[in-house]
Amino acid sequence: MDKKLNCVIIDDEKHAVELLAEYVSAMPNLQLLKSFTNPLHALLDISAADQIDIIFMDIDMPGMSGIDLSMAVRDKTKYLVVTTAHAKYAYDAFGVQANEYLLKPISMSKFALMIKRLLGEIQPKITETTVEDFFFIKTDQVQKYTKINIRDIVMVEGLNNYVKIHTTQETHIAYLTMKEVEAKLNGGQSFVRVQRSFIISMNFITKVEGYTIFLNNKTEVPLGVTYKKQFLTYLGEKTMKSKRTMSD
């Protein structure tokens, strides 16, 4: 990348601004355009004429929250990266159309990997590649196998040494581990693990409320902490976003 990307840092903690500024300067494809410790000053100063590529925004600031400020400046930057010391704000980051969020304390390695992921230089954990259309599982009867069409799988539920495969037509129990099923579906265009005991198909989600995922088979699946960032990133990629501001 020949042209350096213009970055803006907004954080009410001076040391946090200085740390991110140091990380930005260490990246050959980034340059710091502006930084702010007062969110109101950032609101008044930032304009579309700045040609900002990335805004790093602390989400918990006095005077004006990062949520409100993000909504006001989202259309003035190509990428928005939310920084926060609290994992509970991950869902809020998705709500303001953030491309990424970084959980403090932020290390240089974590920052660099996020930038590479943001700019598409490495593949995200969930990729859209082609997998086989079906597979077979053994039943409890000798020499009997059942065909599972992958496009019909709504979710896979872990049951100790077994898994329960829920399809649009019926449910099957197989002597498999969640890890084995996940490996089989890895790279699928719709499957994502949302907690230790559930792999779901994004095709059959009807809605997401907070950290609860509703599927069209009437199942409600709570989003696990370990898989939260991966799921919200994927959900954000699949969400239609407007460039308009709230005042339009």
# chains A, B, ... in the order shown; residues from 1 in each chain; ligands from 1
call {"tool": "residues_around", "arguments": {"residues": "Ser107 (chain A)", "least_positions_apart": "5", "cutoff": "10 Å", "atoms": "only C-alpha atoms", "output": "VMD selection string"}}
result
chain A and resid 19 to 20 23 102 112
call {"tool": "residues_around", "arguments": {"residues": "Lys164 (chain A)", "least_positions_apart": "3", "cutoff": "9 Å", "atoms": "only C-alpha atoms", "output": "PyMOL selection string"}}
result
chain A and resi 155-159+171-174
call {"tool": "closest_residue", "arguments": {"among": "A:Glu180, A:Ile150, A:Met108, A:Ala85", "to": "Met61 (chain A)", "atoms": "only C-alpha atoms"}}
result
A:Ala85
call {"tool": "residues_around", "arguments": {"residues": "Val194 (chain A)", "least_positions_apart": "6", "cutoff": "10 Å", "atoms": "only C-alpha atoms", "output": "PyMOL selection string"}}
result
chain A and resi 200+213+221-232
call {"tool": "residues_around", "arguments": {"residues": "region 43-46 of chain A", "least_positions_apart": "2", "cutoff": "8 Å", "atoms": "only C-alpha atoms", "output": "ChimeraX atom specification"}}
result
/A:39-41,48,50,69,72-73,76
call {"tool": "atom_distance", "arguments": {"atom1": "CA of Met64 (chain A)", "atom2": "CA of Asn38 (chain A)"}}
result
8.6 Å
call {"tool": "decode", "arguments": {"residues": "region 198-211 of chain A", "atoms": "N, CA and C atoms", "output": "mmCIF file, in the first residue's frame"}}
result
data_model
loop_
_atom_site.group_PDB
_atom_site.id
_atom_site.type_symbol
_atom_site.label_atom_id
_atom_site.label_comp_id
_atom_site.auth_asym_id
_atom_site.auth_seq_id
_atom_site.Cartn_x
_atom_site.Cartn_y
_atom_site.Cartn_z
ATOM 1 N N PHE A 198 -23.038 -25.053 20.925
ATOM 2 C CA PHE A 198 -23.890 -24.763 19.766
ATOM 3 C C PHE A 198 -23.093 -24.240 18.571
ATOM 4 N N ILE A 199 -23.357 -24.833 17.426
ATOM 5 C CA ILE A 199 -22.955 -24.300 16.132
ATOM 6 C C ILE A 199 -24.256 -24.009 15.402
ATOM 7 N N ILE A 200 -24.381 -22.804 14.849
ATOM 8 C CA ILE A 200 -25.637 -22.457 14.182
ATOM 9 C C ILE A 200 -25.392 -22.042 12.738
ATOM 10 N N SER A 201 -26.455 -22.112 11.950
ATOM 11 C CA SER A 201 -26.408 -21.614 10.582
ATOM 12 C C SER A 201 -26.987 -20.207 10.560
ATOM 13 N N MET A 202 -26.227 -19.264 10.018
ATOM 14 C CA MET A 202 -26.708 -17.891 9.922
ATOM 15 C C MET A 202 -27.944 -17.797 9.033
ATOM 16 N N ASN A 203 -28.118 -18.769 8.154
ATOM 17 C CA ASN A 203 -29.270 -18.757 7.249
ATOM 18 C C ASN A 203 -30.599 -18.872 7.976
ATOM 19 N N PHE A 204 -30.571 -19.427 9.203
ATOM 20 C CA PHE A 204 -31.817 -19.689 9.916
ATOM 21 C C PHE A 204 -32.008 -18.791 11.136
ATOM 22 N N ILE A 205 -31.209 -17.734 11.236
ATOM 23 C CA ILE A 205 -31.420 -16.756 12.305
ATOM 24 C C ILE A 205 -32.589 -15.857 11.931
ATOM 25 N N THR A 206 -33.509 -15.672 12.850
ATOM 26 C CA THR A 206 -34.628 -14.760 12.603
ATOM 27 C C THR A 206 -34.364 -13.384 13.192
ATOM 28 N N LYS A 207 -33.654 -13.328 14.325
ATOM 29 C CA LYS A 207 -33.303 -12.037 14.927
ATOM 30 C C LYS A 207 -32.262 -12.250 16.018
ATOM 31 N N VAL A 208 -31.617 -11.147 16.394
ATOM 32 C CA VAL A 208 -30.654 -11.154 17.495
ATOM 33 C C VAL A 208 -31.047 -10.029 18.436
ATOM 34 N N GLU A 209 -31.251 -10.356 19.703
ATOM 35 C CA GLU A 209 -31.596 -9.354 20.713
ATOM 36 C C GLU A 209 -30.580 -9.440 21.836
ATOM 37 N N GLY A 210 -29.766 -8.367 21.977
ATOM 38 C CA GLY A 210 -28.718 -8.408 22.986
ATOM 39 C C GLY A 210 -27.758 -9.539 22.675
ATOM 40 N N TYR A 211 -27.631 -10.478 23.598
ATOM 41 C CA TYR A 211 -26.752 -11.623 23.385
ATOM 42 C C TYR A 211 -27.558 -12.924 23.236
#
